[in-house]
file protein_7.txt (compact mmCIF, C-alpha atoms (C1' of nucleotides))
# COMPACT_ATOMS: atom_id res chain seq x y z
CA MET A 25 359.29 49.62 18.32
CA THR A 26 362.21 48.14 16.47
CA LYS A 27 362.47 50.00 13.17
CA SER A 28 360.20 52.53 11.50
CA SER A 29 357.11 51.99 13.67
CA ARG A 30 355.33 54.95 12.12
CA SER A 31 353.69 52.89 9.40
CA ARG A 32 350.89 50.27 9.15
CA ALA A 33 347.29 51.30 9.58
CA GLY A 34 347.43 49.29 12.75
CA SER A 35 344.97 47.09 14.49
CA VAL A 36 346.26 45.27 17.51
CA ALA A 37 344.79 42.05 18.84
CA ARG A 38 341.05 42.24 19.27
CA ARG A 39 339.56 40.33 22.18
CA SER A 40 336.06 39.99 20.80
CA SER A 41 333.68 41.60 18.36
CA CYS A 42 331.82 43.48 21.09
CA PRO A 43 331.85 47.22 20.40
CA VAL A 44 332.77 48.05 23.99
CA ALA A 45 335.63 45.55 23.99
CA CYS A 46 336.91 46.83 20.65
CA SER A 47 336.98 50.40 21.90
CA LEU A 48 338.82 49.34 25.01
CA ASP A 49 341.37 47.35 23.01
CA LEU A 50 342.47 50.68 21.61
CA LEU A 51 341.58 53.16 24.34
CA GLY A 52 341.56 51.08 27.50
CA ASP A 53 344.61 52.27 29.37
CA ARG A 54 345.64 55.04 31.71
CA TRP A 55 347.05 57.49 29.15
CA THR A 56 345.48 57.26 25.71
CA LEU A 57 342.29 59.15 26.49
CA LEU A 58 344.25 61.70 28.47
CA ILE A 59 346.20 62.57 25.34
CA ALA A 60 342.90 62.82 23.51
CA ARG A 61 341.70 65.23 26.17
CA ASP A 62 344.74 67.43 25.60
CA LEU A 63 344.13 67.40 21.86
CA PHE A 64 340.55 68.54 22.47
CA ARG A 65 341.92 71.38 24.52
CA GLY A 66 343.91 72.46 21.51
CA LEU A 67 347.37 71.23 22.40
CA THR A 68 349.39 70.01 19.43
CA ARG A 69 353.04 69.64 20.38
CA TYR A 70 354.96 66.87 22.09
CA GLY A 71 356.26 69.15 24.78
CA GLU A 72 352.80 70.45 25.56
CA PHE A 73 351.48 66.96 26.21
CA LEU A 74 354.49 66.22 28.33
CA ALA A 75 353.90 69.30 30.44
CA GLY A 76 350.37 68.33 31.50
CA PRO A 77 349.57 68.04 35.21
CA GLU A 78 349.50 64.23 35.17
CA GLY A 79 353.15 63.97 34.12
CA ILE A 80 353.04 61.33 31.42
CA PRO A 81 356.41 59.60 31.00
CA THR A 82 358.08 60.61 27.76
CA ASN A 83 358.52 57.12 26.35
CA ILE A 84 354.86 56.32 26.94
CA LEU A 85 353.81 59.53 25.25
CA ALA A 86 355.93 58.69 22.22
CA ASP A 87 354.45 55.19 22.08
CA ARG A 88 350.84 56.36 22.38
CA LEU A 89 351.27 59.01 19.70
CA VAL A 90 352.49 56.34 17.29
CA ARG A 91 349.60 54.05 18.16
CA LEU A 92 347.02 56.79 17.84
CA GLU A 93 348.41 57.78 14.47
CA GLN A 94 348.43 54.16 13.29
CA ALA A 95 344.84 53.79 14.41
CA GLY A 96 343.87 56.89 12.47
CA LEU A 97 342.77 58.95 15.45
CA ILE A 98 345.39 61.64 15.04
CA LYS A 99 347.56 62.91 12.26
CA ARG A 100 351.11 64.16 12.50
CA GLU A 101 352.05 67.00 10.24
CA PRO A 102 355.14 69.16 9.97
CA TYR A 103 354.52 72.76 10.91
CA GLN A 104 358.10 73.77 10.24
CA SER A 105 360.91 72.01 8.49
CA ASN A 106 363.94 73.43 10.14
CA PRO A 107 364.34 72.04 12.70
CA PRO A 108 361.73 69.46 11.69
CA ARG A 109 358.79 69.79 14.05
CA HIS A 110 355.38 68.21 13.92
CA ALA A 111 351.94 69.12 15.12
CA TYR A 112 349.52 66.43 16.28
CA THR A 113 345.85 66.98 15.56
CA LEU A 114 342.67 64.95 15.75
CA THR A 115 341.24 63.35 12.65
CA PRO A 116 337.43 63.12 12.33
CA LYS A 117 337.67 59.63 13.83
CA GLY A 118 339.54 61.08 16.78
CA SER A 119 337.26 64.09 17.14
CA ASP A 120 334.35 61.73 17.38
CA LEU A 121 335.65 60.61 20.76
CA LYS A 122 334.19 63.79 22.17
CA PRO A 123 331.10 62.06 23.60
CA VAL A 124 333.33 59.52 25.34
CA LEU A 125 335.44 62.20 27.00
CA GLY A 126 332.31 64.17 27.80
CA ALA A 127 330.68 61.18 29.46
CA LEU A 128 333.80 60.39 31.51
CA ALA A 129 334.13 63.99 32.63
CA GLY A 130 330.43 64.24 33.46
CA TRP A 131 330.52 61.07 35.49
CA ALA A 132 333.51 62.25 37.50
CA MET A 133 331.85 65.59 38.17
CA ARG A 134 328.77 63.86 39.49
CA HIS A 135 330.41 61.11 41.52
CA MET A 136 334.00 61.78 42.45
CA PRO A 137 334.93 64.10 45.28
CA ARG A 138 337.34 66.97 44.79
CA VAL A 139 337.49 67.02 41.03
CA GLN A 140 338.15 70.42 39.58
CA ALA A 141 335.70 71.58 36.92
CA ASP A 142 337.63 72.94 33.98
CA LYS A 143 335.56 75.47 32.05
CA GLU A 144 337.86 75.48 29.07
CA LEU A 145 337.73 71.70 28.79
CA ALA A 146 334.02 71.53 29.43
CA ALA A 147 333.47 73.99 26.59
CA ALA A 148 335.71 72.00 24.25
CA LEU A 149 333.82 68.81 25.05
CA ARG A 150 330.43 70.45 24.71
CA SER A 151 331.08 72.49 21.56
CA MET B 29 345.78 42.15 48.51
CA THR B 30 347.42 41.00 51.70
CA LYS B 31 344.66 40.55 54.25
CA SER B 32 340.97 41.42 54.18
CA SER B 33 340.99 43.68 51.11
CA ARG B 34 337.20 43.89 51.02
CA SER B 35 337.09 47.00 53.20
CA ARG B 36 337.96 50.71 52.89
CA ALA B 37 335.87 53.00 50.74
CA GLY B 38 338.90 53.16 48.54
CA SER B 39 340.44 55.87 46.50
CA VAL B 40 343.72 55.00 44.86
CA ALA B 41 346.31 57.55 43.85
CA ARG B 42 344.85 60.40 41.85
CA ARG B 43 347.05 61.89 39.18
CA SER B 44 345.36 65.26 38.97
CA SER B 45 342.07 66.97 39.72
CA CYS B 46 340.94 66.83 36.10
CA PRO B 47 337.61 65.01 35.80
CA VAL B 48 338.80 62.95 32.84
CA ALA B 49 341.98 61.93 34.65
CA CYS B 50 340.05 61.03 37.80
CA SER B 51 337.69 58.80 35.86
CA LEU B 52 340.60 57.10 34.17
CA ASP B 53 342.39 56.55 37.48
CA LEU B 54 339.52 54.24 38.33
CA LEU B 55 338.29 53.01 34.97
CA GLY B 56 341.31 53.32 32.72
CA ASP B 57 342.35 49.77 32.07
CA ARG B 58 341.46 46.90 29.78
CA TRP B 59 338.96 45.11 32.01
CA THR B 60 337.08 47.35 34.41
CA LEU B 61 334.59 48.78 31.93
CA LEU B 62 334.12 45.35 30.40
CA ILE B 63 332.88 44.08 33.74
CA ALA B 64 330.59 47.09 33.89
CA ARG B 65 329.26 46.14 30.46
CA ASP B 66 328.44 42.65 31.71
CA LEU B 67 326.66 44.09 34.72
CA PHE B 68 324.54 46.26 32.43
CA ARG B 69 323.63 43.15 30.51
CA GLY B 70 322.30 41.71 33.71
CA LEU B 71 325.05 39.30 34.70
CA THR B 72 325.60 39.03 38.43
CA ARG B 73 327.74 36.02 39.22
CA TYR B 74 331.49 35.48 39.23
CA GLY B 75 331.31 32.57 36.88
CA GLU B 76 329.17 34.51 34.42
CA PHE B 77 331.77 37.27 34.12
CA LEU B 78 334.46 34.66 33.73
CA ALA B 79 332.59 33.00 30.89
CA GLY B 80 332.43 36.13 28.72
CA PRO B 81 333.88 36.00 25.21
CA GLU B 82 336.94 38.08 26.15
CA GLY B 83 338.16 35.52 28.68
CA ILE B 84 339.14 37.66 31.62
CA PRO B 85 341.72 35.93 33.85
CA THR B 86 340.22 34.85 37.13
CA ASN B 87 342.66 36.67 39.37
CA ILE B 88 342.10 39.92 37.53
CA LEU B 89 338.35 39.50 37.77
CA ALA B 90 338.61 38.98 41.51
CA ASP B 91 340.82 42.03 41.87
CA ARG B 92 338.57 44.28 39.80
CA LEU B 93 335.45 43.22 41.66
CA VAL B 94 337.10 44.22 44.94
CA ARG B 95 338.17 47.57 43.52
CA LEU B 96 334.77 48.29 42.06
CA GLU B 97 333.13 47.46 45.33
CA GLN B 98 335.58 49.64 47.27
CA ALA B 99 334.91 52.48 44.87
CA GLY B 100 331.18 52.11 45.40
CA LEU B 101 330.31 51.20 41.82
CA ILE B 102 328.99 47.77 42.63
CA LYS B 103 327.65 46.00 45.67
CA ARG B 104 328.17 42.42 46.64
CA GLU B 105 325.27 40.71 48.32
CA PRO B 106 324.61 37.13 49.34
CA TYR B 107 321.83 35.50 47.37
CA GLN B 108 322.10 32.23 49.25
CA SER B 109 323.94 31.30 52.40
CA ASN B 110 324.68 27.69 51.88
CA PRO B 111 327.06 27.44 50.17
CA PRO B 112 327.68 31.18 50.55
CA ARG B 113 327.24 32.79 47.14
CA HIS B 114 327.14 36.44 46.21
CA ALA B 115 325.54 38.49 43.48
CA TYR B 116 327.24 41.58 42.11
CA THR B 117 325.04 44.46 41.06
CA LEU B 118 325.51 48.06 40.06
CA THR B 119 324.93 50.84 42.54
CA PRO B 120 323.48 54.12 41.28
CA LYS B 121 327.04 55.39 40.92
CA GLY B 122 327.85 52.39 38.77
CA SER B 123 324.64 52.58 36.77
CA ASP B 124 325.51 56.14 35.94
CA LEU B 125 328.35 54.83 33.79
CA LYS B 126 325.77 54.00 31.16
CA PRO B 127 326.57 57.08 29.02
CA VAL B 128 330.25 56.16 29.08
CA LEU B 129 329.59 52.64 27.84
CA GLY B 130 327.09 53.97 25.36
CA ALA B 131 329.58 56.45 23.96
CA LEU B 132 332.31 53.81 23.67
CA ALA B 133 329.96 51.38 21.95
CA GLY B 134 328.66 54.05 19.59
CA TRP B 135 332.14 55.15 18.65
CA ALA B 136 333.21 51.60 17.86
CA MET B 137 330.10 51.03 15.74
CA ARG B 138 330.85 54.14 13.72
CA HIS B 139 334.60 53.74 13.32
CA MET B 140 335.85 50.23 13.86
CA PRO B 141 335.51 47.57 11.21
CA ARG B 142 333.91 44.21 11.92
CA VAL B 143 332.36 45.00 15.28
CA GLN B 144 329.24 43.04 15.99
CA ALA B 145 326.22 45.09 17.00
CA ASP B 146 324.62 43.51 20.05
CA LYS B 147 320.94 44.36 20.24
CA GLU B 148 320.59 43.19 23.81
CA LEU B 149 323.50 45.34 24.94
CA ALA B 150 322.43 48.31 22.86
CA ALA B 151 319.02 48.15 24.51
CA ALA B 152 320.54 47.96 27.97
CA LEU B 153 322.72 50.97 27.27
CA ARG B 154 319.90 52.97 25.74
CA SER B 155 317.16 52.14 28.23
C1' DA C 3 329.91 7.66 54.07
C1' DC C 4 332.30 8.58 50.17
C1' DG C 5 333.91 9.90 45.75
C1' DT C 6 332.67 13.35 42.10
C1' DG C 7 331.49 17.79 40.59
C1' DT C 8 330.76 22.75 40.61
C1' DG C 9 331.21 27.66 41.81
C1' DA C 10 334.13 30.99 43.61
C1' DC C 11 338.14 32.20 44.49
C1' DT C 12 343.67 32.26 45.81
C1' DT C 13 348.52 31.39 44.90
C1' DG C 14 352.80 31.02 42.25
C1' DC C 15 355.31 32.18 38.64
C1' DA C 16 356.50 33.98 33.82
C1' DT C 17 355.89 37.73 30.69
C1' DA C 18 354.66 42.30 29.35
C1' DA C 19 353.83 47.06 30.22
C1' DA C 20 354.72 51.23 32.99
C1' DG C 21 357.73 54.44 34.90
C1' DC C 22 362.15 56.77 35.87
C1' DA C 23 366.60 58.65 34.61
C1' DA C 24 369.78 59.56 31.41
C1' DG C 25 371.30 60.06 26.72
C1' DT C 26 371.05 61.72 21.76
C1' DA C 27 370.21 64.67 17.68
C1' DA C 28 369.10 68.84 15.28
C1' DC C 29 368.76 73.18 15.38
C1' DG C 30 368.58 78.52 17.11
C1' DT C 31 370.54 82.08 19.97
C1' DG C 32 374.01 84.91 22.40
C1' DC D 24 380.97 77.88 19.22
C1' DA D 25 379.24 76.77 23.89
C1' DC D 26 374.40 76.61 25.61
C1' DG D 27 369.63 75.94 25.77
C1' DT D 28 365.35 73.92 23.62
C1' DT D 29 362.43 70.50 21.49
C1' DA D 30 361.55 65.96 20.47
C1' DC D 31 362.53 61.86 21.08
C1' DT D 32 365.38 56.93 22.44
C1' DT D 33 367.55 53.71 25.37
C1' DG D 34 368.40 51.10 29.51
C1' DC D 35 366.82 49.40 33.55
C1' DT D 36 363.69 48.68 37.59
C1' DT D 37 359.13 48.10 39.25
C1' DT D 38 354.41 46.96 38.76
C1' DA D 39 350.62 44.78 36.38
C1' DT D 40 348.87 41.16 33.46
C1' DG D 41 347.98 36.51 32.28
C1' DC D 42 348.20 31.50 32.70
C1' DA D 43 347.97 27.24 35.24
C1' DA D 44 347.19 24.98 39.17
C1' DG D 45 345.45 24.61 43.82
C1' DT D 46 341.96 25.32 47.57
C1' DC D 47 337.56 25.33 50.00
C1' DA D 48 332.76 24.60 50.85
C1' DC D 49 329.14 22.38 49.79
C1' DA D 50 325.52 19.45 46.76
C1' DC D 51 324.50 15.21 44.72
C1' DG D 52 324.47 10.44 43.39
C1' DT D 53 325.32 5.60 44.96
call {"tool": "encode", "arguments": {"input": "protein_7.txt", "output": "C-alpha cells"}}
result
Amino acid sequence: MTKSSRSRAGSVARRSSCPVACSLDLLGDRWTLLIARDLFRGLTRYGEFLAGPEGIPTNILADRLVRLEQAGLIKREPYQSNPPRHAYTLTPKGSDLKPVLGALAGWAMRHMPRVQADKELAAALRS
Amino acid sequence: MTKSSRSRAGSVARRSSCPVACSLDLLGDRWTLLIARDLFRGLTRYGEFLAGPEGIPTNILADRLVRLEQAGLIKREPYQSNPPRHAYTLTPKGSDLKPVLGALAGWAMRHMPRVQADKELAAALRS
DNA sequence: ACGTGTGACTTGCATAAAGCAAGTAACGTG
DNA sequence: CACGTTACTTGCTTTATGCAAGTCACACGT
C-alpha cells in the first residue's frame, strides 16, 4: 500500500478459471468473510468492525476494506464531513454473498461443537 | 508437524463462538476448499490433487490433508498395500460442505468476469 | 540383479502475509 | 487548550506460503 491504494477496480492474480478458485482468490482468507458477516449484521464503521469478538488487527482490517472496495463488494461513503468519517456498506455484489455466509454458518451449526447460534445473524442471512 | 501428526481429532484455536468464524477457522484459507472441490469431483489420490490447474504446492497439500483428516472432513484409506497407497474421500461431514462450494461457485459465475463454467463440477455440486 | 521410473511425501530455505504495539492526524468536548 | 475519540499508519516480529530438491518404497524392463 504505497500511495493512494484506494483506486483501481482491482483484480489480483487469478489461479485458474474455476469458479470456486476465483471466489477463493478474493475471499479465501481468515478475515474477509468475517467482515462481510459484520456488514450483514448492519455494522458500518471501522471501529465497529474492530470491536468484534474475533479481534481483527487494525492494519488487516484497513487492508481488507481497501481490497473489498476495489473488488466492488463494498462502498465507502462519507456520512459526515467534519471530522471526515465514512460508512462501509455492501454493494449488490457484496450482498449476494449471503448464500455463502449462510452455508458456512449452517455447516458450522450442524457439525462443529460449541458454536453459538446467533439469532440476529441468522435472521440477517435468511432475510 | 513434528512427529506422528496423523492423530488427534483436532480442533485448532477458535477465535469466537460465531458459526461463521468457526467455519473460517477451519476452512478460511486459499487451499482447503479447493481440495474439497477436487474431492467432490471424484479425485481421491495425492497426485491427482497435485495435478490440478491451480498448482497447489506439495507440502501445503500434505499439510491440508492431515488437517482435514484430523477435523473429520475426509478419511484416508488404503486402496492397495503394496506399495502402500491411500485414497482420500469425503466423510458425511465433508460432503455436507456441498452448499458452501455451490454458493461460492454460483457467486463467482454471477459476479466475476471470465470464469469458466464447469459442467462436471456444477453437476457434482448440484447432485 | 540392477538401473530407471513413478507415486507419495518430507525437508530446507526464501519470501510474503499476519499479528502486535505504538504512533499520527483531525476533530469535539470540558 | 489539554484530553479523549475515531480512523487509520508504521515498524517490527512471528507464522504461513511457496519453491526446489531430496527421500523412500516398490514395479518394471533387460
call {"tool": "interface_residues", "arguments": {"input": "protein_7.txt", "of": "chain B", "to": "chain A", "cutoff": "7 Å", "atoms": "all atoms listed in the file", "output": "ChimeraX atom specification"}}
result
/B:43-53,56-58,62,81-82,121,125,127-129,131-133,135-137,139,142-145
call {"tool": "interface_residues", "arguments": {"input": "protein_7.txt", "of": "chain C", "to": "chain A", "cutoff": "7 Å", "atoms": "all atoms listed in the file", "output": "PDB file with C-alpha atoms (C1' of nucleotides), keeping the file's coordinate frame"}}
result
ATOM      1  C1'  DG C  21     357.730  54.440  34.900  1.00  0.00           C
ATOM      2  C1'  DA C  28     369.100  68.840  15.280  1.00  0.00           C
ATOM      3  C1'  DC C  29     368.760  73.180  15.380  1.00  0.00           C
TER       4       DC C  29
END
call {"tool": "atom_distance", "arguments": {"input": "protein_7.txt", "atom1": "C1' of DA19 (chain C)", "atom2": "CA of Glu76 (chain B)"}}
result
28.0 Å
call {"tool": "residues_around", "arguments": {"input": "protein_7.txt", "residues": "region 25-38 of chain D", "least_positions_apart": "3", "cutoff": "8 Å", "atoms": "all atoms listed in the file", "output": "list in words"}}
result
Tyr70, Gly71, Asn83, Ala86 and Arg109 of chain A; DA20, DG21, DG25 and DT26 of chain C
call {"tool": "atom_distance", "arguments": {"input": "protein_7.txt", "atom1": "CA of Arg73 (chain B)", "atom2": "C1' of DC11 (chain C)"}}
result
12.3 Å
call {"tool": "axis_aligned_box", "arguments": {"input": "protein_7.txt", "around": "region 15-31 of chain C", "padding_each_side": "4 Å", "output": "JSON"}}
result
{"center_x": 362.6, "center_y": 57.1, "center_z": 27.0, "size_x": 25.5, "size_y": 57.9, "size_z": 31.4}
call {"tool": "interface_residues", "arguments": {"input": "protein_7.txt", "of": "chain D", "to": "chain B", "cutoff": "12 Å", "atoms": "only C-alpha atoms (C1' of nucleotides)", "output": "CSV table (one decimal) with C-alpha atoms (C1' of nucleotides), in the frame of the given file"}}
result
chain,number,residue,atom,x,y,z
D,39,DA,C1',350.6,44.8,36.4
D,40,DT,C1',348.9,41.2,33.5
D,41,DG,C1',348.0,36.5,32.3
D,42,DC,C1',348.2,31.5,32.7
D,43,DA,C1',348.0,27.2,35.2
D,47,DC,C1',337.6,25.3,50.0
D,48,DA,C1',332.8,24.6,50.8
D,49,DC,C1',329.1,22.4,49.8
D,50,DA,C1',325.5,19.4,46.8
call {"tool": "atom_distance", "arguments": {"input": "protein_7.txt", "atom1": "CA of Leu96 (chain B)", "atom2": "C1' of DG45 (chain D)"}}
result
26.0 Å
call {"tool": "residues_around", "arguments": {"input": "protein_7.txt", "residues": "region 3-6 of chain C", "least_positions_apart": "2", "cutoff": "12 Å", "atoms": "only C-alpha atoms (C1' of nucleotides)", "output": "mmCIF file with C-alpha atoms (C1' of nucleotides), keeping the file's coordinate frame"}}
result
data_model
loop_
_atom_site.group_PDB
_atom_site.id
_atom_site.type_symbol
_atom_site.label_atom_id
_atom_site.label_comp_id
_atom_site.auth_asym_id
_atom_site.auth_seq_id
_atom_site.Cartn_x
_atom_site.Cartn_y
_atom_site.Cartn_z
ATOM 1 C "C1'" DT C 8 330.760 22.750 40.610
ATOM 2 C "C1'" DA D 50 325.520 19.450 46.760
ATOM 3 C "C1'" DC D 51 324.500 15.210 44.720
ATOM 4 C "C1'" DG D 52 324.470 10.440 43.390
ATOM 5 C "C1'" DT D 53 325.320 5.600 44.960
#
